[in-house]
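The next block is data.cif, given as mmCIF, C-alpha atoms (C1' of nucleotides).
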```cif
data_protein
#
loop_
_atom_site.label_atom_id
_atom_site.label_comp_id
_atom_site.auth_asym_id
_atom_site.auth_seq_id
_atom_site.Cartn_x
_atom_site.Cartn_y
_atom_site.Cartn_z
CA MET T 1454 -20.12 278.92 13.02
CA GLY T 1455 -18.69 281.88 11.15
CA ALA T 1456 -18.34 282.00 7.40
CA MET T 1457 -14.83 283.35 7.01
CA ASP T 1458 -13.05 280.13 7.82
CA GLN T 1459 -14.47 278.11 4.97
CA GLN T 1460 -11.48 278.19 2.69
CA LEU T 1461 -9.05 276.68 5.16
CA GLU T 1462 -11.43 274.41 6.94
CA GLN T 1463 -10.26 271.19 5.36
CA SER T 1464 -6.54 271.85 5.11
CA GLU T 1465 -5.80 273.87 8.21
CA LEU T 1466 -7.77 273.31 11.38
CA VAL T 1467 -9.31 276.24 13.22
CA HIS T 1468 -7.25 277.11 16.26
CA PRO T 1469 -7.66 280.30 18.26
CA ARG T 1470 -4.46 282.16 19.02
CA ALA T 1471 -3.31 281.99 22.61
CA ASP T 1472 -4.58 285.48 23.37
CA GLU T 1473 -7.93 284.73 21.77
CA ILE T 1474 -8.81 281.92 24.14
CA GLU T 1475 -11.96 282.84 26.03
CA LEU T 1476 -12.66 281.75 29.57
CA PRO T 1477 -16.36 280.94 29.13
CA ALA T 1478 -15.56 278.82 26.08
CA VAL T 1479 -12.86 276.96 28.00
CA LEU T 1480 -15.14 276.35 30.97
CA HIS T 1481 -17.96 275.23 28.73
CA ALA T 1482 -15.67 272.87 26.87
CA LEU T 1483 -14.53 271.37 30.16
CA SER T 1484 -18.02 271.08 31.59
CA ASP T 1485 -18.82 268.01 29.52
CA PRO T 1486 -17.74 264.73 31.14
CA GLN T 1487 -16.62 263.19 27.85
CA ARG T 1488 -14.47 266.18 26.98
CA LEU T 1489 -13.12 266.38 30.50
CA ARG T 1490 -12.07 262.79 30.10
CA ILE T 1491 -10.36 263.52 26.81
CA VAL T 1492 -8.45 266.40 28.35
CA ARG T 1493 -7.41 264.27 31.31
CA GLU T 1494 -6.19 261.51 29.05
CA LEU T 1495 -4.30 264.01 26.94
CA ALA T 1496 -2.74 265.53 30.01
CA ALA T 1497 -1.79 262.14 31.37
CA SER T 1498 0.07 261.06 28.29
CA GLU T 1499 1.61 264.46 27.56
CA ARG T 1500 2.22 263.12 24.10
CA PRO T 1501 0.08 263.56 21.00
CA LEU T 1502 -2.71 261.04 20.86
CA PRO T 1503 -4.92 260.00 17.96
CA CYS T 1504 -8.59 260.64 18.62
CA GLY T 1505 -9.54 257.03 18.23
CA THR T 1506 -7.57 255.79 21.20
CA ILE T 1507 -9.49 257.68 23.83
CA VAL T 1508 -13.22 257.71 24.32
CA LEU T 1509 -14.98 254.50 23.42
CA ASP T 1510 -18.56 254.80 24.57
CA ILE T 1511 -19.59 257.39 22.03
CA SER T 1512 -19.88 257.23 18.28
CA LYS T 1513 -17.25 258.40 15.85
CA SER T 1514 -19.15 261.51 14.84
CA THR T 1515 -19.74 262.51 18.43
CA ARG T 1516 -16.06 262.07 19.11
CA THR T 1517 -15.25 264.35 16.20
CA HIS T 1518 -17.69 266.87 17.61
CA HIS T 1519 -16.07 266.88 21.04
CA PHE T 1520 -12.59 267.25 19.61
CA ARG T 1521 -13.75 270.19 17.55
CA VAL T 1522 -15.27 271.89 20.58
CA LEU T 1523 -12.02 271.42 22.46
CA ARG T 1524 -9.96 272.69 19.57
CA GLU T 1525 -12.10 275.73 18.87
CA ALA T 1526 -12.08 276.63 22.54
CA GLY T 1527 -8.29 276.58 22.42
CA LEU T 1528 -7.80 273.60 24.69
CA ILE T 1529 -6.14 271.26 22.27
CA GLU T 1530 -4.11 271.41 19.11
CA GLN T 1531 -4.75 268.97 16.32
CA ARG T 1532 -2.62 268.14 13.34
CA ARG T 1533 -2.58 265.50 10.70
CA ASP T 1534 -0.23 262.58 10.78
CA GLY T 1535 -0.95 260.23 7.94
CA THR T 1536 -4.42 258.86 8.34
CA CYS T 1537 -4.51 259.80 12.02
CA LYS T 1538 -5.07 263.18 13.57
CA LEU T 1539 -2.93 263.78 16.62
CA SER T 1540 -4.16 265.89 19.50
CA THR T 1541 -2.13 267.72 22.12
CA LEU T 1542 -3.12 269.70 25.15
CA ARG T 1543 -2.22 273.38 24.77
CA ARG T 1544 -0.77 273.48 28.23
CA ASP T 1545 1.55 276.44 27.80
CA ASP T 1546 -1.05 278.63 26.15
CA LEU T 1547 -3.64 277.78 28.78
CA ASP T 1548 -1.23 278.29 31.65
CA ALA T 1549 -0.15 281.63 30.24
CA ARG T 1550 -3.67 282.89 29.83
CA PHE T 1551 -5.40 281.31 32.84
CA PRO T 1552 -2.69 280.43 35.34
CA GLY T 1553 -3.58 277.51 37.54
CA LEU T 1554 -6.85 276.73 35.84
CA LEU T 1555 -5.80 273.61 34.03
CA ASP T 1556 -3.91 272.26 37.02
CA ALA T 1557 -6.92 272.83 39.23
CA VAL T 1558 -9.22 271.03 36.83
CA LEU T 1559 -6.83 268.16 36.31
CA GLY T 1560 -6.00 267.92 39.98
CA ALA T 1561 -9.67 267.57 40.76
CA GLY T 1562 -9.59 264.13 39.21
CA VAL T 1563 -9.83 261.90 42.23
CA PRO T 1564 -11.03 264.22 44.97
CA ALA T 1565 -12.04 261.81 47.73
CA MET M 515 -35.80 268.36 38.62
CA GLY M 516 -36.02 265.66 41.28
CA ALA M 517 -39.15 264.96 43.26
CA MET M 518 -37.75 264.37 46.73
CA ASP M 519 -37.03 267.98 47.55
CA GLN M 520 -40.58 269.21 47.24
CA GLN M 521 -41.36 269.57 50.90
CA LEU M 522 -38.50 271.89 51.72
CA GLU M 523 -38.36 273.75 48.48
CA GLN M 524 -39.93 276.93 49.71
CA SER M 525 -38.53 277.09 53.21
CA GLU M 526 -35.04 275.66 52.83
CA LEU M 527 -33.07 276.20 49.68
CA VAL M 528 -31.40 273.27 47.91
CA HIS M 529 -27.69 273.25 48.62
CA PRO M 530 -25.39 270.34 47.82
CA ARG M 531 -23.10 269.29 50.63
CA ALA M 532 -19.45 270.17 50.13
CA ASP M 533 -18.56 266.62 49.14
CA GLU M 534 -21.44 266.48 46.71
CA ILE M 535 -20.21 269.34 44.56
CA GLU M 536 -19.54 268.03 41.05
CA LEU M 537 -16.85 269.45 38.83
CA PRO M 538 -18.84 269.42 35.57
CA ALA M 539 -21.70 271.23 37.27
CA VAL M 540 -19.33 273.84 38.65
CA LEU M 541 -17.66 274.38 35.30
CA HIS M 542 -21.00 274.57 33.56
CA ALA M 543 -22.27 277.10 36.08
CA LEU M 544 -19.17 279.22 35.53
CA SER M 545 -19.29 278.97 31.76
CA ASP M 546 -22.08 281.51 31.48
CA PRO M 547 -20.90 285.13 31.34
CA GLN M 548 -23.72 286.41 33.52
CA ARG M 549 -23.06 283.83 36.21
CA LEU M 550 -19.34 284.38 36.00
CA ARG M 551 -20.03 288.03 36.62
CA ILE M 552 -22.18 287.22 39.62
CA VAL M 553 -19.47 285.02 41.07
CA ARG M 554 -16.85 287.69 40.49
CA GLU M 555 -18.98 290.31 42.17
CA LEU M 556 -19.64 287.99 45.09
CA ALA M 557 -15.95 287.24 45.41
CA ALA M 558 -15.04 290.91 45.22
CA SER M 559 -17.31 291.92 48.07
CA GLU M 560 -16.66 288.83 50.20
CA ARG M 561 -19.83 289.81 52.01
CA PRO M 562 -23.34 288.53 51.44
CA LEU M 563 -25.09 290.40 48.67
CA PRO M 564 -28.77 290.59 47.76
CA CYS M 565 -29.48 289.29 44.27
CA GLY M 566 -30.93 292.53 43.07
CA THR M 567 -27.76 294.54 43.43
CA ILE M 568 -25.74 292.66 40.85
CA VAL M 569 -26.77 291.92 37.31
CA LEU M 570 -28.90 294.56 35.67
CA ASP M 571 -29.21 293.67 32.01
CA ILE M 572 -31.40 290.63 32.50
CA SER M 573 -34.90 290.21 33.82
CA LYS M 574 -35.82 289.27 37.36
CA SER M 575 -36.80 285.74 36.46
CA THR M 576 -33.59 285.13 34.56
CA ARG M 577 -31.62 286.42 37.52
CA THR M 578 -33.45 283.99 39.78
CA HIS M 579 -32.61 281.25 37.31
CA HIS M 580 -28.89 282.03 37.34
CA PHE M 581 -28.75 282.18 41.11
CA ARG M 582 -30.45 278.82 41.32
CA VAL M 583 -27.97 277.27 38.91
CA LEU M 584 -25.12 278.65 40.98
CA ARG M 585 -26.67 277.45 44.21
CA GLU M 586 -27.50 273.97 42.97
CA ALA M 587 -24.00 273.60 41.59
CA GLY M 588 -22.66 274.39 45.04
CA LEU M 589 -21.04 277.68 44.13
CA ILE M 590 -23.07 279.96 46.34
CA GLU M 591 -25.08 279.82 49.50
CA GLN M 592 -28.34 281.67 49.76
CA ARG M 593 -30.32 282.52 52.83
CA ARG M 594 -33.24 284.73 53.63
CA ASP M 595 -32.87 288.06 55.37
CA GLY M 596 -36.17 289.81 55.62
CA THR M 597 -37.47 290.43 52.13
CA CYS M 598 -34.00 290.04 50.63
CA LYS M 599 -32.10 286.88 49.90
CA LEU M 600 -28.42 287.12 50.61
CA SER M 601 -25.87 285.21 48.58
CA THR M 602 -22.37 284.18 49.54
CA LEU M 603 -19.62 282.47 47.63
CA ARG M 604 -18.86 279.03 49.10
CA ARG M 605 -15.16 279.69 48.98
CA ASP M 606 -14.05 277.23 51.63
CA ASP M 607 -16.09 274.36 50.26
CA LEU M 608 -14.90 275.01 46.74
CA ASP M 609 -11.28 275.37 47.78
CA ALA M 610 -11.45 272.17 49.78
CA ARG M 611 -12.92 270.19 46.95
CA PHE M 612 -11.20 271.76 43.94
CA PRO M 613 -8.08 273.50 45.22
CA GLY M 614 -7.05 276.45 43.12
CA LEU M 615 -10.00 276.30 40.77
CA LEU M 616 -11.85 279.32 42.07
CA ASP M 617 -8.70 281.38 42.33
CA ALA M 618 -7.78 280.51 38.78
CA VAL M 619 -11.19 281.47 37.47
CA LEU M 620 -11.32 284.68 39.46
CA GLY M 621 -7.76 285.58 38.65
CA ALA M 622 -8.53 285.27 34.96
CA GLY M 623 -10.59 288.41 35.21
CA VAL M 624 -8.36 290.91 33.46
CA PRO M 625 -5.89 288.76 31.57
CA ALA M 626 -4.19 291.29 29.30
"C1'" DA W 823 -6.66 249.86 -8.32
"C1'" DA W 824 -8.67 247.92 -4.45
"C1'" DG W 825 -9.24 247.72 0.51
"C1'" DA W 826 -8.57 249.14 5.08
"C1'" DT W 827 -8.17 252.70 8.47
"C1'" DT W 828 -9.27 257.23 10.37
"C1'" DG W 829 -11.74 260.85 10.64
"C1'" DT W 830 -15.26 264.44 8.69
"C1'" DT W 831 -19.70 266.18 6.99
"C1'" DC W 832 -24.48 266.12 6.80
"C1'" DG W 833 -28.93 266.04 8.38
"C1'" DA W 834 -31.91 264.75 12.18
"C1'" DT W 835 -33.57 264.21 17.01
"C1'" DG W 836 -34.43 264.86 21.72
"C1'" DA W 837 -32.63 267.40 25.67
"C1'" DT W 838 -31.10 271.29 27.84
"C1'" DC W 839 -30.53 276.18 28.09
"C1'" DA W 840 -31.04 281.35 28.53
"C1'" DC W 841 -34.38 284.31 28.35
"C1'" DC W 842 -38.87 286.55 28.81
"C1'" DG W 843 -43.51 288.21 30.85
"C1'" DT W 844 -47.06 287.34 33.95
"C1'" DA W 845 -48.80 285.90 37.98
"C1'" DC W 846 -47.86 284.81 42.52
"C1'" DC W 847 -45.90 284.78 47.39
"C1'" DA W 848 -43.41 286.33 51.27
"C1'" DT W 849 -41.89 290.04 54.46
"C1'" DA W 850 -41.61 294.96 55.98
"C1'" DG W 851 -43.41 299.46 56.61
"C1'" DT W 852 -47.15 302.59 56.82
"C1'" DA N 1047 -55.38 295.91 55.97
"C1'" DC N 1048 -52.99 297.86 52.27
"C1'" DT N 1049 -49.02 298.45 49.62
"C1'" DA N 1050 -44.45 298.35 48.32
"C1'" DT N 1051 -40.41 295.50 47.65
"C1'" DG N 1052 -37.65 291.39 46.53
"C1'" DG N 1053 -37.90 287.17 44.90
"C1'" DT N 1054 -40.15 282.60 43.01
"C1'" DA N 1055 -43.14 279.62 39.98
"C1'" DC N 1056 -45.06 278.82 35.69
"C1'" DG N 1057 -45.48 278.30 31.13
"C1'" DG N 1058 -43.42 279.39 26.61
"C1'" DT N 1059 -39.83 280.43 22.87
"C1'" DG N 1060 -35.85 280.20 20.15
"C1'" DA N 1061 -31.09 278.72 20.45
"C1'" DT N 1062 -27.66 275.61 21.48
"C1'" DC N 1063 -26.18 271.01 22.56
"C1'" DA N 1064 -24.93 265.95 22.68
"C1'" DT N 1065 -25.92 262.25 20.22
"C1'" DC N 1066 -26.61 259.23 16.33
"C1'" DG N 1067 -26.25 256.82 11.57
"C1'" DA N 1068 -25.07 257.07 6.92
"C1'" DA N 1069 -22.35 258.80 3.40
"C1'" DC N 1070 -18.05 260.76 2.08
"C1'" DA N 1071 -12.98 261.95 1.95
"C1'" DA N 1072 -8.05 261.32 2.73
"C1'" DT N 1073 -4.28 258.44 3.53
"C1'" DC N 1074 -1.80 254.11 3.89
"C1'" DT N 1075 -1.01 249.19 2.53
"C1'" DT N 1076 -1.16 245.54 -0.42
#
```
For this file, produce the structure as structure tokens.
Amino acid sequence: MGAMDQQLEQSELVHPRADEIELPAVLHALSDPQRLRIVRELAASERPLPCGTIVLDISKSTRTHHFRVLREAGLIEQRRDGTCKLSTLRRDDLDARFPGLLDAVLGAGVPA
Amino acid sequence: MGAMDQQLEQSELVHPRADEIELPAVLHALSDPQRLRIVRELAASERPLPCGTIVLDISKSTRTHHFRVLREAGLIEQRRDGTCKLSTLRRDDLDARFPGLLDAVLGAGVPA
DNA sequence: AAGATTGTTCGATGATCACCGTACCATAGT
DNA sequence: ACTATGGTACGGTGATCATCGAACAATCTT
């Protein structure tokens, strides 16, 4: 969106600092079923996952879009690893900033 | 949206049952700053509040819109009381369905 | 260098959204 | 009955969103 992150856009990914994570952005990011699924899968593995191994019923570009929304909201961290890009849930940062939120969302997986 | 709730639209408000409350809808409803503020205010008073006493920087129709989103997502209950319409947080239903979620969101009020 | 794999960027599109003003509809009080 | 008052319904507008395909870029393997 902004214009000040152009020069590092291709080398370093845009990640908000832990104290910059905004609640509305987090809730919005989690309000999409596809992204919720990504977050759940990430939380389940608790190990960096390449984007490609997760959501299958959407196109590549849409997948990229969802991962960017999650990353810019501060929910995940992404880094390069060869040709893959590995994603991790920012559990500690989220728990520090919004205690209990992530657990509540993840725990709501199979309610009844 | 639907067409089956036409006959009770003006007398009885549309409320999802507790077990019909969907997580994405709840998160989406909470992802708007105005609605988050409404929910916080409702939670703070823990007593039914008329719509008019809460958000001031938006128009009447927009306020109605936000309250409807909150109600249809299952976050609040609205009922008539004379010329006013009183709103209450559906704390018990939310806690039963998504334990800890509401507390986490409300607790994230003043993070640092 | 060529090919394969993985992901991004770039429009574009249709849907949804937040917001508004105006008109309207209840109920309460005079 | 008239008039506030509190809220809804009805368009309408500009913004954002989820989605796609096609083209491109970066890395690895051969």
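For the file at hand, the PyMOL selection byres ((chain N and resi 1064-1072) around 10) resolves to Asp1485, Ile1511, Ser1512, Lys1513, Ser1514, Thr1515, Arg1516, His1518, His1519, Gly1535 and Thr1536 of chain T; DT828, DG829, DT830, DT831, DC832, DG833, DA834, DT835, DG836, DA837 and DT838 of chain W; DC1063, DT1073 and DC1074 of chain N.
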Would you list which chain W residues are within 12 Å of chain M using only C-alpha atoms (C1' of nucleotides), as a compact mmCIF listing (two decimals) with C-alpha atoms (C1' of nucleotides), in the frame of the given file?
```
# COMPACT_ATOMS: atom_id res chain seq x y z
C1' DC W 839 -30.53 276.18 28.09
C1' DA W 840 -31.04 281.35 28.53
C1' DC W 841 -34.38 284.31 28.35
C1' DC W 842 -38.87 286.55 28.81
C1' DG W 843 -43.51 288.21 30.85
C1' DT W 844 -47.06 287.34 33.95
C1' DC W 847 -45.90 284.78 47.39
C1' DA W 848 -43.41 286.33 51.27
C1' DT W 849 -41.89 290.04 54.46
C1' DA W 850 -41.61 294.96 55.98
C1' DG W 851 -43.41 299.46 56.61
```
Near Arg594 (chain M), within 10 Å and counting all atoms listed in the file, which residues show up once chain neighbours fewer than 4 positions away are dropped, as a PyMOL selection string?
chain M and resi 525-527+564+598-601
Proximity of chain T to chain M: per-residue shortest pair, 10 Å limit, only C-alpha atoms, as a Markdown table:
```
| residue | atom | partner | partner_atom | distance |
| --- | --- | --- | --- | --- |
| T:Asp1472 | CA | M:Ala626 | CA | 8.3 |
| T:Glu1475 | CA | M:Ala622 | CA | 9.9 |
| T:Leu1476 | CA | M:Ser545 | CA | 7.5 |
| T:Pro1477 | CA | M:Ser545 | CA | 4.4 |
| T:Ala1478 | CA | M:Ser545 | CA | 6.8 |
| T:Val1479 | CA | M:Ser545 | CA | 7.7 |
| T:Leu1480 | CA | M:Ser545 | CA | 5.0 |
| T:His1481 | CA | M:Ser545 | CA | 5.0 |
| T:Ala1482 | CA | M:Ser545 | CA | 8.6 |
| T:Leu1483 | CA | M:Leu541 | CA | 6.7 |
| T:Ser1484 | CA | M:Pro538 | CA | 4.4 |
| T:Asp1485 | CA | M:Pro538 | CA | 6.2 |
| T:Pro1486 | CA | M:Pro538 | CA | 6.5 |
| T:Leu1489 | CA | M:Pro538 | CA | 8.2 |
| T:Asp1548 | CA | M:Ala618 | CA | 9.9 |
| T:Ala1549 | CA | M:Pro625 | CA | 9.2 |
| T:Arg1550 | CA | M:Pro625 | CA | 6.5 |
| T:Phe1551 | CA | M:Ala622 | CA | 5.5 |
| T:Pro1552 | CA | M:Ala618 | CA | 6.1 |
| T:Gly1553 | CA | M:Ala618 | CA | 5.3 |
| T:Leu1554 | CA | M:Ala618 | CA | 4.9 |
| T:Leu1555 | CA | M:Leu615 | CA | 8.4 |
| T:Asp1556 | CA | M:Gly614 | CA | 8.0 |
| T:Ala1557 | CA | M:Leu615 | CA | 4.9 |
| T:Val1558 | CA | M:Leu615 | CA | 6.6 |
| T:Leu1559 | CA | M:Phe612 | CA | 9.5 |
| T:Gly1560 | CA | M:Phe612 | CA | 7.6 |
| T:Ala1561 | CA | M:Phe612 | CA | 5.5 |
| T:Gly1562 | CA | M:Leu537 | CA | 9.0 |
| T:Pro1564 | CA | M:Arg611 | CA | 6.6 |
| T:Ala1565 | CA | M:Asp533 | CA | 8.2 |
```
Fitted chain M, least squares over ordered Cα pairs with chain T, as a PDB file with C-alpha atoms, keeping the file's coordinate frame:
```pdb
ATOM      1  CA  MET M 515     -20.418 278.887  12.538  1.00  0.00           C
ATOM      2  CA  GLY M 516     -18.668 281.814  10.872  1.00  0.00           C
ATOM      3  CA  ALA M 517     -18.249 282.118   7.138  1.00  0.00           C
ATOM      4  CA  MET M 518     -14.708 283.437   6.866  1.00  0.00           C
ATOM      5  CA  ASP M 519     -12.952 280.192   7.644  1.00  0.00           C
ATOM      6  CA  GLN M 520     -14.359 278.234   4.745  1.00  0.00           C
ATOM      7  CA  GLN M 521     -11.300 278.212   2.559  1.00  0.00           C
ATOM      8  CA  LEU M 522      -8.977 276.654   5.091  1.00  0.00           C
ATOM      9  CA  GLU M 523     -11.452 274.448   6.818  1.00  0.00           C
ATOM     10  CA  GLN M 524     -10.306 271.207   5.310  1.00  0.00           C
ATOM     11  CA  SER M 525      -6.585 271.803   5.124  1.00  0.00           C
ATOM     12  CA  GLU M 526      -5.862 273.851   8.231  1.00  0.00           C
ATOM     13  CA  LEU M 527      -7.816 273.310  11.391  1.00  0.00           C
ATOM     14  CA  VAL M 528      -9.357 276.257  13.247  1.00  0.00           C
ATOM     15  CA  HIS M 529      -7.281 277.127  16.281  1.00  0.00           C
ATOM     16  CA  PRO M 530      -7.702 280.312  18.300  1.00  0.00           C
ATOM     17  CA  ARG M 531      -4.503 282.171  19.043  1.00  0.00           C
ATOM     18  CA  ALA M 532      -3.354 281.995  22.648  1.00  0.00           C
ATOM     19  CA  ASP M 533      -4.624 285.488  23.395  1.00  0.00           C
ATOM     20  CA  GLU M 534      -7.955 284.714  21.807  1.00  0.00           C
ATOM     21  CA  ILE M 535      -8.823 281.904  24.188  1.00  0.00           C
ATOM     22  CA  GLU M 536     -11.984 282.845  26.088  1.00  0.00           C
ATOM     23  CA  LEU M 537     -12.642 281.721  29.621  1.00  0.00           C
ATOM     24  CA  PRO M 538     -16.350 280.911  29.194  1.00  0.00           C
ATOM     25  CA  ALA M 539     -15.563 278.798  26.150  1.00  0.00           C
ATOM     26  CA  VAL M 540     -12.868 276.933  28.045  1.00  0.00           C
ATOM     27  CA  LEU M 541     -15.117 276.305  31.019  1.00  0.00           C
ATOM     28  CA  HIS M 542     -17.940 275.208  28.772  1.00  0.00           C
ATOM     29  CA  ALA M 543     -15.651 272.830  26.908  1.00  0.00           C
ATOM     30  CA  LEU M 544     -14.506 271.333  30.203  1.00  0.00           C
ATOM     31  CA  SER M 545     -17.991 271.049  31.640  1.00  0.00           C
ATOM     32  CA  ASP M 546     -18.806 267.980  29.585  1.00  0.00           C
ATOM     33  CA  PRO M 547     -17.732 264.691  31.180  1.00  0.00           C
ATOM     34  CA  GLN M 548     -16.607 263.164  27.901  1.00  0.00           C
ATOM     35  CA  ARG M 549     -14.463 266.159  27.029  1.00  0.00           C
ATOM     36  CA  LEU M 550     -13.093 266.356  30.531  1.00  0.00           C
ATOM     37  CA  ARG M 551     -12.056 262.757  30.132  1.00  0.00           C
ATOM     38  CA  ILE M 552     -10.363 263.504  26.837  1.00  0.00           C
ATOM     39  CA  VAL M 553      -8.458 266.383  28.376  1.00  0.00           C
ATOM     40  CA  ARG M 554      -7.414 264.250  31.324  1.00  0.00           C
ATOM     41  CA  GLU M 555      -6.196 261.498  29.051  1.00  0.00           C
ATOM     42  CA  LEU M 556      -4.304 264.002  26.930  1.00  0.00           C
ATOM     43  CA  ALA M 557      -2.736 265.524  30.013  1.00  0.00           C
ATOM     44  CA  ALA M 558      -1.801 262.125  31.393  1.00  0.00           C
ATOM     45  CA  SER M 559       0.083 261.062  28.293  1.00  0.00           C
ATOM     46  CA  GLU M 560       1.616 264.475  27.579  1.00  0.00           C
ATOM     47  CA  ARG M 561       2.211 263.118  24.101  1.00  0.00           C
ATOM     48  CA  PRO M 562       0.073 263.568  21.018  1.00  0.00           C
ATOM     49  CA  LEU M 563      -2.713 261.030  20.851  1.00  0.00           C
ATOM     50  CA  PRO M 564      -4.921 259.974  17.950  1.00  0.00           C
ATOM     51  CA  CYS M 565      -8.599 260.626  18.603  1.00  0.00           C
ATOM     52  CA  GLY M 566      -9.577 257.028  18.228  1.00  0.00           C
ATOM     53  CA  THR M 567      -7.609 255.773  21.190  1.00  0.00           C
ATOM     54  CA  ILE M 568      -9.527 257.665  23.838  1.00  0.00           C
ATOM     55  CA  VAL M 569     -13.259 257.702  24.298  1.00  0.00           C
ATOM     56  CA  LEU M 570     -15.019 254.489  23.418  1.00  0.00           C
ATOM     57  CA  ASP M 571     -18.610 254.802  24.555  1.00  0.00           C
ATOM     58  CA  ILE M 572     -19.644 257.370  21.982  1.00  0.00           C
ATOM     59  CA  SER M 573     -19.904 257.239  18.229  1.00  0.00           C
ATOM     60  CA  LYS M 574     -17.274 258.434  15.797  1.00  0.00           C
ATOM     61  CA  SER M 575     -19.187 261.538  14.829  1.00  0.00           C
ATOM     62  CA  THR M 576     -19.771 262.532  18.429  1.00  0.00           C
ATOM     63  CA  ARG M 577     -16.082 262.076  19.129  1.00  0.00           C
ATOM     64  CA  THR M 578     -15.261 264.360  16.219  1.00  0.00           C
ATOM     65  CA  HIS M 579     -17.715 266.860  17.648  1.00  0.00           C
ATOM     66  CA  HIS M 580     -16.082 266.866  21.080  1.00  0.00           C
ATOM     67  CA  PHE M 581     -12.610 267.251  19.647  1.00  0.00           C
ATOM     68  CA  ARG M 582     -13.771 270.191  17.590  1.00  0.00           C
ATOM     69  CA  VAL M 583     -15.289 271.879  20.624  1.00  0.00           C
ATOM     70  CA  LEU M 584     -12.040 271.397  22.499  1.00  0.00           C
ATOM     71  CA  ARG M 585      -9.986 272.675  19.596  1.00  0.00           C
ATOM     72  CA  GLU M 586     -12.136 275.716  18.912  1.00  0.00           C
ATOM     73  CA  ALA M 587     -12.091 276.605  22.586  1.00  0.00           C
ATOM     74  CA  GLY M 588      -8.309 276.571  22.450  1.00  0.00           C
ATOM     75  CA  LEU M 589      -7.823 273.589  24.719  1.00  0.00           C
ATOM     76  CA  ILE M 590      -6.159 271.258  22.269  1.00  0.00           C
ATOM     77  CA  GLU M 591      -4.131 271.404  19.121  1.00  0.00           C
ATOM     78  CA  GLN M 592      -4.785 268.979  16.326  1.00  0.00           C
ATOM     79  CA  ARG M 593      -2.623 268.159  13.374  1.00  0.00           C
ATOM     80  CA  ARG M 594      -2.586 265.527  10.705  1.00  0.00           C
ATOM     81  CA  ASP M 595      -0.197 262.604  10.747  1.00  0.00           C
ATOM     82  CA  GLY M 596      -0.896 260.267   7.907  1.00  0.00           C
ATOM     83  CA  THR M 597      -4.410 258.937   8.282  1.00  0.00           C
ATOM     84  CA  CYS M 598      -4.489 259.823  11.977  1.00  0.00           C
ATOM     85  CA  LYS M 599      -5.053 263.178  13.574  1.00  0.00           C
ATOM     86  CA  LEU M 600      -2.936 263.790  16.615  1.00  0.00           C
ATOM     87  CA  SER M 601      -4.160 265.892  19.505  1.00  0.00           C
ATOM     88  CA  THR M 602      -2.148 267.733  22.113  1.00  0.00           C
ATOM     89  CA  LEU M 603      -3.146 269.698  25.159  1.00  0.00           C
ATOM     90  CA  ARG M 604      -2.234 273.385  24.774  1.00  0.00           C
ATOM     91  CA  ARG M 605      -0.769 273.483  28.236  1.00  0.00           C
ATOM     92  CA  ASP M 606       1.539 276.448  27.800  1.00  0.00           C
ATOM     93  CA  ASP M 607      -1.072 278.633  26.163  1.00  0.00           C
ATOM     94  CA  LEU M 608      -3.639 277.778  28.792  1.00  0.00           C
ATOM     95  CA  ASP M 609      -1.224 278.305  31.656  1.00  0.00           C
ATOM     96  CA  ALA M 610      -0.149 281.640  30.246  1.00  0.00           C
ATOM     97  CA  ARG M 611      -3.668 282.884  29.849  1.00  0.00           C
ATOM     98  CA  PHE M 612      -5.382 281.312  32.862  1.00  0.00           C
ATOM     99  CA  PRO M 613      -2.663 280.430  35.358  1.00  0.00           C
ATOM    100  CA  GLY M 614      -3.545 277.500  37.551  1.00  0.00           C
ATOM    101  CA  LEU M 615      -6.833 276.731  35.864  1.00  0.00           C
ATOM    102  CA  LEU M 616      -5.766 273.598  34.055  1.00  0.00           C
ATOM    103  CA  ASP M 617      -3.886 272.277  37.047  1.00  0.00           C
ATOM    104  CA  ALA M 618      -6.896 272.836  39.246  1.00  0.00           C
ATOM    105  CA  VAL M 619      -9.201 271.035  36.856  1.00  0.00           C
ATOM    106  CA  LEU M 620      -6.806 268.160  36.328  1.00  0.00           C
ATOM    107  CA  GLY M 621      -5.966 267.905  39.985  1.00  0.00           C
ATOM    108  CA  ALA M 622      -9.643 267.558  40.797  1.00  0.00           C
ATOM    109  CA  GLY M 623      -9.576 264.126  39.254  1.00  0.00           C
ATOM    110  CA  VAL M 624      -9.769 261.923  42.319  1.00  0.00           C
ATOM    111  CA  PRO M 625     -10.948 264.261  45.048  1.00  0.00           C
ATOM    112  CA  ALA M 626     -11.808 261.852  47.858  1.00  0.00           C
TER     113      ALA M 626
END
```
Just the number, please: distance in Å from CA of Gln548 (chain M) to CA of Leu584 (chain M), one decimal.
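We find that CA of Gln548 (chain M) and CA of Leu584 (chain M) lie 10.9 Å from each other.
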Tell me, as an MDAnalysis selection string, which residues lie within 9 Å of region 1498-1502 of chain T, counting all atoms listed in the file; anything in the same chain fewer than 4 positions away does not count.
chainID T and resid 1493:1494 1506:1507 1531 1538:1542
Quick one: which residues from chain N are at most 9 Å off chain M, using only C-alpha atoms (C1' of nucleotides), as a ChimeraX atom specification?
/N:1051-1054
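Across the model, the gap from C1' of DA845 (chain W) to C1' of DC1056 (chain N) is 8.3 Å.
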How many Å separate CA of Ala1526 (chain T) from CA of Leu1495 (chain T)?
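Between CA of Ala1526 (chain T) and CA of Leu1495 (chain T) the gap is 15.5 Å.
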Residues matched by the PyMOL selection byres ((chain N and resi 1048) around 9) as a list in words
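This file gives the following for the PyMOL selection byres ((chain N and resi 1048) around 9): DT852 of chain W; DA1047 and DT1049 of chain N.
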